[in-house]
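As provided, target.txt (compact mmCIF, C-alpha atoms) reads as follows.
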# COMPACT_ATOMS: atom_id res chain seq x y z
CA MET A 856 0.00 0.00 0.00
CA ASN A 857 2.98 2.31 0.39
CA SER A 858 3.43 2.08 -3.39
CA ILE A 859 -0.16 3.25 -3.89
CA ASN A 860 0.43 6.27 -1.67
CA TYR A 861 3.58 7.08 -3.63
CA ILE A 862 1.78 6.84 -6.96
CA TYR A 863 -0.99 9.11 -5.82
CA THR A 864 1.32 11.65 -4.24
CA MET A 865 2.79 11.96 -7.72
CA LEU A 866 -0.64 12.06 -9.34
CA ARG A 867 -1.74 14.95 -7.14
CA ALA A 868 1.35 16.83 -8.27
CA GLY A 869 0.27 16.47 -11.89
CA ILE A 870 1.85 13.20 -12.98
CA TYR A 871 -0.56 12.74 -15.88
CA ALA A 872 0.27 16.11 -17.35
CA MET A 873 3.97 15.61 -16.70
CA MET A 874 3.88 12.21 -18.39
CA LEU A 875 2.26 13.67 -21.46
CA LEU A 876 4.63 16.61 -21.62
CA VAL A 877 7.67 14.33 -21.37
CA LEU A 878 6.45 12.22 -24.23
CA VAL A 879 5.72 15.31 -26.29
CA SER A 880 9.29 16.45 -25.69
CA CYS A 881 10.61 13.05 -26.75
CA ASN A 882 8.63 13.31 -29.97
CA GLY A 883 9.92 16.82 -30.51
CA GLY A 884 6.38 18.00 -31.20
CA THR A 885 6.65 16.83 -34.83
CA ASN A 886 4.28 13.88 -34.76
CA THR A 887 1.92 14.26 -37.72
CA ARG A 888 0.56 10.73 -37.95
CA THR A 889 -3.16 10.07 -38.27
CA ILE A 890 -4.88 7.86 -35.69
CA SER A 891 -6.77 5.67 -38.10
CA GLY A 892 -7.29 2.10 -39.23
CA ASN A 893 -9.36 -0.20 -41.39
CA ASP A 894 -12.60 0.52 -39.59
CA ASP A 895 -15.57 2.84 -39.60
CA LEU A 896 -18.42 3.70 -37.23
CA LYS A 897 -19.98 0.24 -37.46
CA SER A 898 -17.27 -2.21 -38.49
CA GLY A 899 -13.68 -3.19 -37.88
CA THR A 900 -11.66 -4.23 -34.83
CA ILE A 901 -10.31 -1.93 -32.13
CA HIS A 902 -8.78 -2.20 -28.65
CA ILE A 903 -10.02 -0.02 -25.79
CA SER A 904 -8.83 0.55 -22.20
CA VAL A 905 -11.46 0.53 -19.46
CA ASP A 906 -11.30 1.23 -15.75
CA GLU A 907 -11.70 -2.19 -14.13
CA SER A 908 -14.35 -0.78 -11.77
CA PHE A 909 -16.77 -0.83 -14.70
CA LYS A 910 -16.16 -4.29 -16.14
CA PRO A 911 -19.73 -5.64 -15.65
CA ILE A 912 -21.47 -2.70 -17.30
CA MET A 913 -18.94 -2.27 -20.10
CA ASP A 914 -19.07 -6.00 -20.91
CA ALA A 915 -22.84 -5.56 -21.29
CA GLN A 916 -22.46 -2.48 -23.50
CA ILE A 917 -19.93 -4.18 -25.76
CA ARG A 918 -22.06 -7.30 -26.03
CA VAL A 919 -25.14 -5.34 -27.16
CA PHE A 920 -23.16 -3.12 -29.54
CA MET A 921 -21.49 -6.09 -31.24
CA SER A 922 -24.83 -7.90 -31.57
CA GLN A 923 -26.26 -4.79 -33.25
CA PHE A 924 -23.22 -4.41 -35.52
CA PRO A 925 -21.91 -7.94 -36.28
CA GLU A 926 -18.98 -6.63 -38.33
CA ALA A 927 -17.61 -4.73 -35.34
CA THR A 928 -15.22 -6.20 -32.77
CA ILE A 929 -14.29 -4.29 -29.63
CA ILE A 930 -11.58 -5.80 -27.44
CA PRO A 931 -11.56 -4.32 -23.92
CA HIS A 932 -8.53 -4.24 -21.63
CA TYR A 933 -9.56 -3.73 -18.01
CA LYS A 934 -6.93 -1.90 -15.99
CA ALA A 935 -6.29 0.54 -13.17
CA GLU A 936 -7.34 4.07 -14.10
CA ALA A 937 -3.78 5.41 -14.27
CA ASP A 938 -2.84 2.66 -16.73
CA CYS A 939 -5.89 3.50 -18.87
CA LEU A 940 -4.83 7.14 -19.04
CA ARG A 941 -1.30 6.18 -19.98
CA ASP A 942 -2.83 4.24 -22.87
CA LEU A 943 -3.81 7.54 -24.46
CA LEU A 944 -0.25 7.41 -25.79
CA ASN A 945 -0.50 3.77 -26.87
CA ASP A 946 -1.01 3.49 -30.63
CA SER A 947 -3.14 0.35 -30.32
CA ILE A 948 -5.71 1.90 -27.93
CA ARG A 949 -8.46 3.95 -29.53
CA LEU A 950 -10.82 4.68 -26.65
CA VAL A 951 -10.40 5.07 -22.89
CA ILE A 952 -13.19 4.78 -20.28
CA VAL A 953 -12.30 6.27 -16.88
CA THR A 954 -13.76 8.29 -13.99
CA ARG A 955 -12.43 11.69 -15.02
CA GLY A 956 -12.02 13.83 -18.10
CA LEU A 957 -8.91 15.63 -19.29
CA SER A 958 -7.44 18.80 -17.82
CA GLU A 959 -6.70 21.76 -20.08
CA GLN A 960 -2.99 20.99 -19.83
CA GLU A 961 -3.55 17.36 -20.82
CA VAL A 962 -5.70 18.38 -23.79
CA LYS A 963 -2.99 20.76 -24.95
CA SER A 964 -0.26 18.13 -24.53
CA LEU A 965 -2.23 15.50 -26.42
CA LYS A 966 -3.03 17.98 -29.17
CA ASP A 967 0.67 18.75 -29.53
CA THR A 968 1.47 15.03 -29.67
CA LEU A 969 -1.38 13.69 -31.78
CA ARG A 970 -2.10 16.86 -33.79
CA PHE A 971 -5.71 16.79 -32.61
CA ALA A 972 -7.52 17.13 -29.30
CA PRO A 973 -9.27 13.88 -28.32
CA PRO A 974 -12.97 14.49 -27.64
CA TRP A 975 -14.19 13.45 -24.20
CA GLY A 976 -17.33 13.67 -22.14
CA LYS A 977 -19.46 12.20 -19.38
CA ILE A 978 -21.73 9.24 -20.11
CA ALA A 979 -22.99 8.10 -16.69
CA THR A 980 -22.72 8.57 -12.94
CA ASP A 981 -21.48 5.80 -10.66
CA ALA A 982 -20.92 5.42 -6.93
CA ILE A 983 -18.43 3.66 -4.69
CA SER A 984 -20.26 1.03 -2.70
CA VAL A 985 -19.19 -0.34 0.67
CA ILE A 986 -19.52 -4.03 1.46
CA VAL A 987 -19.10 -5.99 4.68
CA ASN A 988 -19.09 -9.66 5.62
CA ASN A 989 -22.48 -11.22 6.32
CA LYS A 990 -21.42 -11.78 9.95
CA SER A 991 -20.26 -8.22 10.48
CA GLU A 992 -21.90 -6.31 13.32
CA ASP A 993 -21.32 -3.00 11.53
CA SER A 994 -23.22 -1.95 8.42
CA LEU A 995 -23.99 1.74 9.06
CA PHE A 996 -21.21 4.28 8.50
CA THR A 997 -20.82 8.04 8.38
CA MET A 998 -18.28 9.66 6.08
CA GLY A 999 -16.30 10.41 9.22
CA ASP A 1000 -16.17 6.66 9.82
CA ILE A 1001 -14.99 6.05 6.26
CA ARG A 1002 -12.33 8.74 6.59
CA SER A 1003 -11.02 7.25 9.84
CA LEU A 1004 -10.91 3.79 8.27
CA MET A 1005 -8.82 5.18 5.43
CA ASN A 1006 -6.38 7.12 7.63
CA GLY A 1007 -6.06 4.48 10.34
CA THR A 1008 -7.70 6.34 13.24
CA SER A 1009 -10.89 4.29 13.34
CA GLY A 1010 -12.05 2.48 16.43
CA TYR A 1011 -13.71 -0.15 14.26
CA LYS A 1012 -12.16 -3.60 14.18
CA LEU A 1013 -12.44 -3.63 10.41
CA ASN A 1014 -9.77 -4.18 7.75
CA PRO A 1015 -10.36 -1.91 4.70
CA VAL A 1016 -9.67 -3.38 1.28
CA LEU A 1017 -9.69 -1.49 -2.03
CA ASP A 1018 -10.13 -2.70 -5.60
CA GLY A 1019 -6.56 -2.87 -6.81
CA ASN A 1020 -2.90 -2.80 -5.87
CA ALA A 1021 -2.14 0.00 -8.33
CA ALA A 1022 -3.44 3.51 -9.04
CA THR A 1023 -7.15 2.71 -9.38
CA SER A 1024 -9.98 5.22 -9.56
CA THR A 1025 -11.27 4.05 -6.17
CA VAL A 1026 -7.88 4.67 -4.55
CA ARG A 1027 -7.76 8.11 -6.19
CA PHE A 1028 -11.27 8.93 -4.90
CA MET A 1029 -10.35 7.92 -1.37
CA ILE A 1030 -7.18 10.01 -1.33
CA ASP A 1031 -8.50 13.05 -3.19
CA SER A 1032 -12.16 13.23 -2.10
CA VAL A 1033 -12.27 11.45 1.27
CA LEU A 1034 -8.82 12.11 2.75
CA LYS A 1035 -8.38 15.47 0.94
CA GLY A 1036 -4.88 14.58 -0.18
CA GLN A 1037 -3.67 12.77 2.91
CA PRO A 1038 -2.07 9.32 2.46
CA LEU A 1039 -3.87 6.05 3.04
CA SER A 1040 -3.16 4.18 6.25
CA ALA A 1041 -0.74 1.27 6.03
CA GLU A 1042 -3.64 -0.83 7.37
CA VAL A 1043 -5.53 -0.40 4.10
CA THR A 1044 -4.95 -3.43 1.90
CA ALA A 1045 -5.64 -4.06 -1.77
CA ALA A 1046 -7.11 -6.93 -3.73
CA LYS A 1047 -6.00 -7.38 -7.32
CA THR A 1048 -9.48 -6.72 -8.74
CA SER A 1049 -13.02 -5.77 -7.77
CA GLN A 1050 -13.90 -9.46 -7.80
CA GLY A 1051 -11.02 -9.94 -5.38
CA VAL A 1052 -12.56 -7.37 -3.01
CA ILE A 1053 -15.83 -9.31 -2.93
CA ASP A 1054 -14.04 -12.61 -2.33
CA TYR A 1055 -11.84 -11.16 0.41
CA VAL A 1056 -14.76 -9.60 2.28
CA ALA A 1057 -16.79 -12.81 1.92
CA GLN A 1058 -13.98 -14.81 3.51
CA ASN A 1059 -13.02 -12.36 6.29
CA GLU A 1060 -15.53 -11.40 8.96
CA HIS A 1061 -13.68 -8.19 9.87
CA ALA A 1062 -13.12 -6.93 6.33
CA ILE A 1063 -14.80 -3.92 4.73
CA GLY A 1064 -14.52 -3.45 0.97
CA PHE A 1065 -14.87 -0.53 -1.45
CA LEU A 1066 -15.71 -1.00 -5.13
CA GLY A 1067 -17.79 0.38 -7.99
CA VAL A 1068 -21.54 -0.03 -7.66
CA SER A 1069 -21.77 -1.68 -11.09
CA TRP A 1070 -20.34 -4.85 -9.48
CA ILE A 1071 -23.14 -5.29 -6.93
CA GLY A 1072 -25.84 -2.72 -7.73
CA ASN A 1073 -28.01 -4.65 -10.17
CA PRO A 1074 -30.45 -6.98 -8.37
CA GLU A 1075 -31.60 -8.38 -11.72
CA ASP A 1076 -28.14 -9.74 -12.58
CA LYS A 1077 -27.73 -13.40 -11.53
CA GLN A 1078 -23.99 -13.08 -11.01
CA GLN A 1079 -24.41 -10.01 -8.83
CA LEU A 1080 -27.12 -11.76 -6.83
CA ALA A 1081 -24.58 -14.52 -6.22
CA PHE A 1082 -22.11 -11.87 -5.00
CA LEU A 1083 -24.74 -10.41 -2.67
CA SER A 1084 -25.30 -13.82 -1.11
CA LYS A 1085 -21.70 -13.64 0.12
CA VAL A 1086 -21.59 -10.04 1.41
CA ARG A 1087 -23.83 -7.18 2.55
CA VAL A 1088 -23.99 -3.70 1.10
CA ALA A 1089 -23.45 -1.19 3.90
CA SER A 1090 -25.44 2.04 4.32
CA ILE A 1091 -23.74 5.44 4.43
CA GLU A 1092 -25.10 8.56 6.12
CA ALA A 1093 -26.96 10.72 3.61
CA ARG A 1094 -25.27 13.90 2.51
CA ASP A 1095 -28.42 15.99 3.07
CA ASP A 1096 -29.99 14.21 6.04
CA PRO A 1097 -27.77 13.58 9.09
CA GLY A 1098 -28.77 10.41 10.91
CA LYS A 1099 -30.36 8.92 7.79
CA PHE A 1100 -28.38 6.00 6.35
CA ILE A 1101 -28.83 5.05 2.71
CA LYS A 1102 -27.50 2.60 0.15
CA PRO A 1103 -26.10 3.48 -3.31
CA TYR A 1104 -29.45 3.08 -5.02
CA GLN A 1105 -30.01 4.82 -8.33
CA ALA A 1106 -32.15 7.64 -6.95
CA ASN A 1107 -29.60 8.34 -4.22
CA ILE A 1108 -26.83 8.50 -6.81
CA ALA A 1109 -28.85 10.77 -9.12
CA THR A 1110 -29.65 13.25 -6.35
CA LYS A 1111 -26.14 12.90 -4.84
CA ARG A 1112 -27.69 12.08 -1.48
CA TYR A 1113 -25.25 9.18 -1.43
CA PRO A 1114 -21.91 10.86 -0.60
CA MET A 1115 -19.46 8.82 -2.70
CA VAL A 1116 -20.53 9.59 -6.27
CA ARG A 1117 -18.27 9.83 -9.32
CA GLY A 1118 -18.68 10.23 -13.08
CA LEU A 1119 -17.89 7.86 -15.94
CA TYR A 1120 -16.15 9.45 -18.94
CA TYR A 1121 -15.01 8.52 -22.44
CA ILE A 1122 -11.89 9.82 -24.20
CA VAL A 1123 -11.73 9.01 -27.92
CA LYS A 1124 -8.35 8.85 -29.63
CA GLU A 1125 -9.53 9.11 -33.23
CA ASN A 1126 -9.54 12.02 -35.66
CA TYR A 1127 -11.86 10.37 -38.14
CA SER A 1128 -15.19 8.49 -38.06
CA GLY A 1129 -13.83 5.23 -36.71
CA LEU A 1130 -15.17 2.46 -34.52
CA GLY A 1131 -14.06 4.23 -31.34
CA ARG A 1132 -16.37 7.10 -32.20
CA GLY A 1133 -19.06 4.67 -33.28
CA PHE A 1134 -19.01 2.89 -29.93
CA THR A 1135 -18.95 6.21 -28.08
CA ASN A 1136 -21.99 7.36 -30.06
CA PHE A 1137 -23.71 4.13 -29.00
CA LEU A 1138 -22.87 4.73 -25.31
CA LYS A 1139 -24.42 8.21 -25.59
CA SER A 1140 -27.45 7.01 -27.55
CA GLU A 1141 -30.80 6.04 -26.04
CA LYS A 1142 -29.96 2.33 -26.18
CA GLY A 1143 -26.58 2.73 -24.51
CA GLN A 1144 -28.02 5.06 -21.88
CA LEU A 1145 -30.81 2.59 -21.12
CA ILE A 1146 -28.19 -0.11 -20.55
CA PHE A 1147 -26.54 2.15 -17.96
CA GLN A 1148 -29.93 2.76 -16.38
CA ARG A 1149 -30.81 -0.93 -16.24
CA ALA A 1150 -27.43 -1.61 -14.62
CA TYR A 1151 -28.46 0.88 -11.90
CA LEU A 1152 -26.01 3.60 -12.87
CA VAL A 1153 -27.41 7.03 -13.71
CA PRO A 1154 -27.26 7.89 -17.44
CA SER A 1155 -25.95 11.35 -18.28
CA ASN A 1156 -27.61 11.92 -21.67
CA MET A 1157 -31.22 11.03 -20.95
CA GLN A 1158 -33.76 12.25 -18.44
CA PHE A 1159 -33.79 10.34 -15.19
CA THR A 1160 -37.13 10.64 -13.41
CA ILE A 1161 -37.49 10.10 -9.67
CA ARG A 1162 -41.02 9.47 -8.41
CA SER A 1163 -42.20 9.36 -4.83
CA ALA A 1164 -44.04 6.20 -3.81
CA GLN A 1165 -45.89 5.03 -0.76
CA ILE A 1166 -46.76 1.51 0.33
CA LYS A 1167 -50.29 1.20 1.61
CA GLU A 1168 -50.65 -1.26 4.45
CA GLU A 1169 -53.94 -3.11 4.80
Now that the file is in, can you turn its structure into C-alpha cells?
Amino acid sequence: MNSINYIYTMLRAGIYAMMLLVLVSCNGGTNTRTISGNDDLKSGTIHISVDESFKPIMDAQIRVFMSQFPEATIIPHYKAEADCLRDLLNDSIRLVIVTRGLSEQEVKSLKDTLRFAPPWGKIATDAISVIVNNKSEDSLFTMGDIRSLMNGTSGYKLNPVLDGNAATSTVRFMIDSVLKGQPLSAEVTAAKTSQGVIDYVAQNEHAIGFLGVSWIGNPEDKQQLAFLSKVRVASIEARDDPGKFIKPYQANIATKRYPMVRGLYYIVKENYSGLGRGFTNFLKSEKGQLIFQRAYLVPSNMQFTIRSAQIKEE
C-alpha cells in the first residue's frame, strides 16, 4: 500500500500532465501521424482501455453493440485508471473509459502530440459502494467513519480493502475526495481486482470493501445476486440528512444524497469516423443510456425521473 500512496502523491502533483509533456518532448512536437485504421463507425476491430471498476457494465455495453453491428469487434482491456490514461499514448488503444475527463494541460499536450484534441465527455454517474461480511456487526457508517478507516484512526475492528494494488480510480477517490490529499493508512490493503474485493470480504468477517456499484448494484443480474449472497452492502449517512443511512441506489446516486458519487467518462483517440467514435456514439445514444440505467447507474444523456411512492398497508 505504500506504493499506492507514492503513486498518488505523484498524481496529485500532476503526474498525468507531466507524463504527457515528457512524451511530447521526446517526440519533438513533430508527430503528424493520423490515428486511423481499417474501420468505420460500425465495423472493424479496435482495442479499448477501461477502468476495471466498470467491467460488468462495459461488458454488457460491448455485447449489445457487437450484436447490433456484427462486423464490429471491440476488445476491452480492463486496468487501473492510471494505466488507462497512460494508454492515451498507446497506438493500439483507440478509446479510454475512466472516472475523469482531461485537464486543459492534458488536452494541450495530447493535441501537440497527436495533432488533434481527443474528444471526451461524461456518459454516466457511478458510486463507490461499501460491502461488509455477512457476519459483520457493523453496516452503518458516516463519512467520518470512512475517513477514519482510510487514515487508520478508526475504532472499528475492520480491515479496509480497495479494488486494486495500483493507481485505481477508487484509490484516487479515497485520497482526493475522502482524505483530501492525505495518504492512506498502512492498514488499508488491496485486492488485485473488484472481484477480489468481494471474495476477500466474503472470507473475512472483519473486512470492509470498497468497489464500484456496477459490481453489486443490479439486483436483476444473476452473477451479482450470487455476489450479494456472500456479502452485505453497507449504508452510508446521507449527505443531506444527518442520521439517515442510505445505500447506493439509483435515486440516491442521481440526487447525490449518497456521498461517494463519481462520473464515468469517455476519451476518444480518433480524428476520423472510426469504430471508437461509433461505440462512443452508442454509449451516448438512447440504447446505450438505457443499458446504464438498467445496470443501476445514472445515465448522463437522458432524463432520469425520480417518483415518490408510498406503500399502503392493509
* Asked: Leaving out Ile1108 of chain A and any residue of its chain fewer than 3 positions from it, which residues lie within 10 Å of it when counting all atoms listed in the file, given as a list in words?
  -> Thr980, Asp981, Ala982, Ile983, Lys1102, Pro1103, Tyr1104, Gln1105, Lys1111, Arg1112, Tyr1113, Pro1114, Met1115, Val1116, Arg1117, Tyr1151, Leu1152 and Val1153 of chain A
Please produce a file of those selected residues containing C-alpha atoms, as a short mmCIF file (atom, residue, chain, number, x, y, z; two decimals), in the coordinates of the input.
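Ended up saving to part.cif:
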data_model
loop_
_atom_site.label_atom_id
_atom_site.label_comp_id
_atom_site.auth_asym_id
_atom_site.auth_seq_id
_atom_site.Cartn_x
_atom_site.Cartn_y
_atom_site.Cartn_z
CA THR A 980 -22.72 8.57 -12.94
CA ASP A 981 -21.48 5.80 -10.66
CA ALA A 982 -20.92 5.42 -6.93
CA ILE A 983 -18.43 3.66 -4.69
CA LYS A 1102 -27.50 2.60 0.15
CA PRO A 1103 -26.10 3.48 -3.31
CA TYR A 1104 -29.45 3.08 -5.02
CA GLN A 1105 -30.01 4.82 -8.33
CA LYS A 1111 -26.14 12.90 -4.84
CA ARG A 1112 -27.69 12.08 -1.48
CA TYR A 1113 -25.25 9.18 -1.43
CA PRO A 1114 -21.91 10.86 -0.60
CA MET A 1115 -19.46 8.82 -2.70
CA VAL A 1116 -20.53 9.59 -6.27
CA ARG A 1117 -18.27 9.83 -9.32
CA TYR A 1151 -28.46 0.88 -11.90
CA LEU A 1152 -26.01 3.60 -12.87
CA VAL A 1153 -27.41 7.03 -13.71
#
Sorted by chain and rising residue number, which residues of segment 885-938 of chain A lie within 6 Å of segment 1127-1148 of chain A, and what are their closest atom pairs and distances in Å to one decimal, counting only C-alpha atoms, as a Markdown table?
| residue | atom | partner | partner_atom | distance |
| --- | --- | --- | --- | --- |
| A:Asp894 | CA | A:Gly1129 | CA | 5.7 |
| A:Asp895 | CA | A:Gly1129 | CA | 4.1 |
| A:Leu896 | CA | A:Gly1133 | CA | 4.1 |
* Between atom CA of His902 of chain A and atom CA of Ile948 of chain A, distance in Å (one decimal) -> 5.2 Å
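Separating atom CA of Ser1084 of chain A from atom CA of Gln1058 of chain A is a distance of 12.3 Å.
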* To do: Please measure the separation of atom CA of Lys1035 of chain A and atom CA of Glu961 of chain A, giving the value in Å to one decimal.
  =>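 Interatomic distance, atom CA of Lys1035 of chain A to atom CA of Glu961 of chain A: 22.4 Å.
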Using all atoms listed in the file, find each residue in segment 1056-1161 of chain A having at least one atom no more than 8 Å away from segment 949-953 of chain A; report its shortest atom-to-atom pair and that distance in Å (one decimal), rows by chain then rising number, as a tab-separated table.
residue	atom	partner	partner_atom	distance
A:Leu1119	CA	A:Val953	CA	5.9
A:Tyr1120	CA	A:Val953	CA	5.4
A:Tyr1121	CA	A:Ile952	CA	4.7
A:Ile1122	CA	A:Val951	CA	5.1
A:Val1123	CA	A:Leu950	CA	4.6
A:Lys1124	CA	A:Arg949	CA	4.9
A:Glu1125	CA	A:Arg949	CA	6.4
A:Gly1131	CA	A:Leu950	CA	5.7
Per residue of segment 1032-1075 of chain A within 6 Å of segment 1006-1015 of chain A, what are the shortest atom pair and its distance in Å to one decimal, counting only C-alpha atoms, with rows by chain and residue number, as JSON lines?
{"residue": "A:Leu1039", "atom": "CA", "partner": "A:Asn1006", "partner_atom": "CA", "distance": 5.3}
{"residue": "A:Ser1040", "atom": "CA", "partner": "A:Asn1006", "partner_atom": "CA", "distance": 4.6}
{"residue": "A:Val1043", "atom": "CA", "partner": "A:Pro1015", "partner_atom": "CA", "distance": 5.1}
{"residue": "A:His1061", "atom": "CA", "partner": "A:Leu1013", "partner_atom": "CA", "distance": 4.8}
{"residue": "A:Ala1062", "atom": "CA", "partner": "A:Asn1014", "partner_atom": "CA", "distance": 4.6}
{"residue": "A:Ile1063", "atom": "CA", "partner": "A:Pro1015", "partner_atom": "CA", "distance": 4.9}
{"residue": "A:Gly1064", "atom": "CA", "partner": "A:Pro1015", "partner_atom": "CA", "distance": 5.8}
* Structure fact -> Closest of A:Val1056, A:Ile901, A:Ala1150, A:Leu995 to Asn1073 of chain A, counting all atoms listed in the file, is A:Ala1150
Where's the centre, and what are the edge lengths in Å to one decimal, of a box along x, y and z enclosing all listed atoms of segment 944-954 of chain A padded 6 Å per side, as AutoDock Vina command-line options?
--center_x -7.0 --center_y 4.3 --center_z -22.3 --size_x 25.5 --size_y 19.9 --size_z 28.6
* Asked: How would you write as a ChimeraX atom specification the residues that get within 12 Å of (-24.3, 16.3, 7.0) in the file's frame, counting all atoms listed in the file?
  -> /A:997-999,1091-1100,1112-1114
Writing out the chosen residues with C-alpha atoms as a short mmCIF file (atom, residue, chain, number, x, y, z; two decimals), in the coordinates of the input:
data_model
loop_
_atom_site.label_atom_id
_atom_site.label_comp_id
_atom_site.auth_asym_id
_atom_site.auth_seq_id
_atom_site.Cartn_x
_atom_site.Cartn_y
_atom_site.Cartn_z
CA THR A 997 -20.82 8.04 8.38
CA MET A 998 -18.28 9.66 6.08
CA GLY A 999 -16.30 10.41 9.22
CA ILE A 1091 -23.74 5.44 4.43
CA GLU A 1092 -25.10 8.56 6.12
CA ALA A 1093 -26.96 10.72 3.61
CA ARG A 1094 -25.27 13.90 2.51
CA ASP A 1095 -28.42 15.99 3.07
CA ASP A 1096 -29.99 14.21 6.04
CA PRO A 1097 -27.77 13.58 9.09
CA GLY A 1098 -28.77 10.41 10.91
CA LYS A 1099 -30.36 8.92 7.79
CA PHE A 1100 -28.38 6.00 6.35
CA ARG A 1112 -27.69 12.08 -1.48
CA TYR A 1113 -25.25 9.18 -1.43
CA PRO A 1114 -21.91 10.86 -0.60
#
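Ranking A:Tyr933, A:Phe924, A:Phe1082, A:Trp1070 by their shortest atom-to-atom distance to Ile912 of chain A, with only C-alpha atoms included, puts A:Trp1070 first.
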